[in-house]
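Quick notes on the structure that follows.
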Amino acid sequence: MTMETDPAAIAVAVVEMACEGRFAEIERLFAPPLRTLVDAELLQTAWTAETGRRGPVSTIGEPVSEPAQAGLVRVSVPVTCERAGLTVVVAVDHDGMLNDLRLTAATAPWTPPPYADPATFDEHDVTVGDGPLAVTGTMSLPHGTGPRAGVVLLSGGGPFDRDATSGANKPLKDLAWGLAGRGVAVLRFDKVTHTHSGQVADTAGFTMTDEYVPHAVAAVHLLRQQPGVDPARVFVLGHSMGGKVAPRVAAAEPSVAGLVIMAGDTQPMHQAAVRVVRYLAALDPGPAMEAVVETITQQAATVAGPDLSPSTPTEALLFGWPAAYWLDLRGYDPVATATALDKPMFILQGGRDYQVTVADDLSGWQAGLAHRPDVTIRVYADDNHLFFPGMGPSTPAEYEPPQHVDPAVVADIAEWLTSRSG
């Protein structure tokens, strides 16, 4: 294997180029799918922001390689900075091109939350869905014979694994272990965009519905078949975009007993993107962030405009999502879909969440559903978007330290699920 195609050598070279400010050279290594998501300017902005918080780079550690999906090799390069660590993660294809590039906090091993007792349940892997887009999941089954309630977990927007891993944190694993220890059967699974990113990128017309609904429905069917699970009490719990799409899952699968919606957004996402990036720019003002705000604003205007069509170039749109994805999002009203469902719902919102907010998003659920006696709406004043408790205005940096989902949130969800009758 030559230096030109050795994934570890390429990953280290990418870090060295970033340290030297050679972001245009890094961009030339991007495979086409990645080039639609990020360019040299955005990469420079992200690198400058991360090293600004952590301090100058002092050493570059040894790369660690592991197989990834679709013939890719994932390489993690630890970077030591003056004040804190950073990990650069790239996915390299057989041609030596980058298919993914992420800057993450140096991670510590996940530890179980204090409210989870792994001695009270068993776990095993399962396959969710069938065919070439099947994914792997984890079934968490409490000890005992049941019958018991079950819940399928859906993570937020992005190519998340079954735990919604973000640095040292795994909020969906927190929920799964916390709920299983309280007598609820739980199924969580890797998103299709995590396991089959290459195939998804090559699928014309791929939408939010395609990303979530088929696997969510398959997961509901699988959980209903588990020994000890009451098939009349299998629920869907979605976080963030997973919460937004949960009503569509229930509309597609009548056997869903009810919904738990955590930080589900109701504001049109292109509007929310502009609001969030302006919030972040206020935290870190300067020309680089001003450029990002301008780019996001322009892309959001294209998404919202009357000329958006399946042929609109992906590079003109937010987050590198294709036009079909945005057309599906624009045409979906989560509140109206939820209102048409004759199912109980528990809607939770973090009071400190700047991504999905009380004013911009929870207000939509309240307007459409607050009159319903079978709908419970609750705000957790100290919690951020991941339902991690904290104080003061929420910032991206507060997601980095190892922490766990608010124990009150886990206890309330468990109580709500176990108190529902079939």
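Order determines the names: the first chain of the structure tokens is A, the second B, and so forth; residues in each chain are numbered 1 upward, and ligands are numbered 1 upward as they are shown.
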
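Summary of the local environment: counting only C-alpha atoms, residues at most 8 Å from A:Leu222, other than itself and those fewer than 4 positions away along its chain, are Val128, Ala218 and Gln226 of chain A.
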
Open item on the list: Calculated over only C-alpha atoms, which of the candidates A:Ala359, A:Leu175, A:Ala291, A:Ala91 has the smallest distance to A:Pro114?
Closed with: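 Among A:Ala359, A:Leu175, A:Ala291, A:Ala91, it is A:Leu175 that comes nearest to A:Pro114.
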
**Asked** For A:Pro171, which residue out of A:Gly96, A:Pro112, A:Pro63, A:Pro287 is the nearest one, using only C-alpha atoms?
**Response**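 Smallest distance to A:Pro171 is found for A:Pro112.
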
- Query: If you count only C-alpha atoms, which residues fall within 10 Å of A:Val14, apart from same-chain ones fewer than 6 positions away, as a PyMOL selection string?
  - Reply: chain A and resi 8+20+22-23+25-27+29+77+88+90+98+101

Just to be explicit: take each residue in the selection above, keep N, CA, C and O atoms, and write the result as a CSV table (one decimal), in the first residue's frame.
chain,number,residue,atom,x,y,z
A,8,ALA,N,-4.2,5.6,7.1
A,8,ALA,CA,-3.6,6.2,8.3
A,8,ALA,C,-2.7,7.3,7.9
A,8,ALA,O,-2.7,8.4,8.5
A,20,GLU,N,-1.2,23.6,9.3
A,20,GLU,CA,-0.5,24.6,8.5
A,20,GLU,C,-1.4,25.5,7.7
A,20,GLU,O,-0.9,26.3,6.9
A,22,ARG,N,-3.6,24.7,5.3
A,22,ARG,CA,-3.7,24.3,3.9
A,22,ARG,C,-5.0,23.6,3.6
A,22,ARG,O,-5.1,22.5,3.2
A,23,PHE,N,-6.1,24.4,3.8
A,23,PHE,CA,-7.4,23.8,3.8
A,23,PHE,C,-7.8,23.5,2.3
A,23,PHE,O,-8.6,22.6,2.1
A,25,GLU,N,-5.9,22.4,0.0
A,25,GLU,CA,-5.3,21.1,-0.3
A,25,GLU,C,-6.2,19.9,0.3
A,25,GLU,O,-6.3,18.9,-0.3
A,26,ILE,N,-6.7,20.1,1.5
A,26,ILE,CA,-7.5,19.1,2.1
A,26,ILE,C,-8.8,18.9,1.2
A,26,ILE,O,-9.2,17.8,1.0
A,27,GLU,N,-9.4,20.0,0.8
A,27,GLU,CA,-10.6,19.9,0.0
A,27,GLU,C,-10.4,19.1,-1.3
A,27,GLU,O,-11.3,18.4,-1.7
A,29,LEU,N,-8.9,16.5,-1.6
A,29,LEU,CA,-8.9,15.1,-1.2
A,29,LEU,C,-10.4,14.6,-1.0
A,29,LEU,O,-10.6,13.4,-0.8
A,77,VAL,N,-7.4,10.2,14.6
A,77,VAL,CA,-6.1,10.8,14.9
A,77,VAL,C,-6.2,11.7,16.1
A,77,VAL,O,-6.8,12.7,16.1
A,88,VAL,N,-9.5,14.0,15.3
A,88,VAL,CA,-9.8,14.1,13.9
A,88,VAL,C,-10.2,12.7,13.3
A,88,VAL,O,-9.3,11.8,13.4
A,90,VAL,N,-11.5,10.6,10.0
A,90,VAL,CA,-11.8,10.6,8.6
A,90,VAL,C,-12.2,9.2,8.1
A,90,VAL,O,-11.8,8.2,8.7
A,98,LEU,N,-11.3,11.2,0.7
A,98,LEU,CA,-12.0,11.4,2.0
A,98,LEU,C,-13.5,11.3,1.7
A,98,LEU,O,-14.0,12.1,0.9
A,101,LEU,N,-15.2,13.6,7.2
A,101,LEU,CA,-14.2,14.2,8.1
A,101,LEU,C,-14.9,14.9,9.2
A,101,LEU,O,-15.8,15.7,9.0
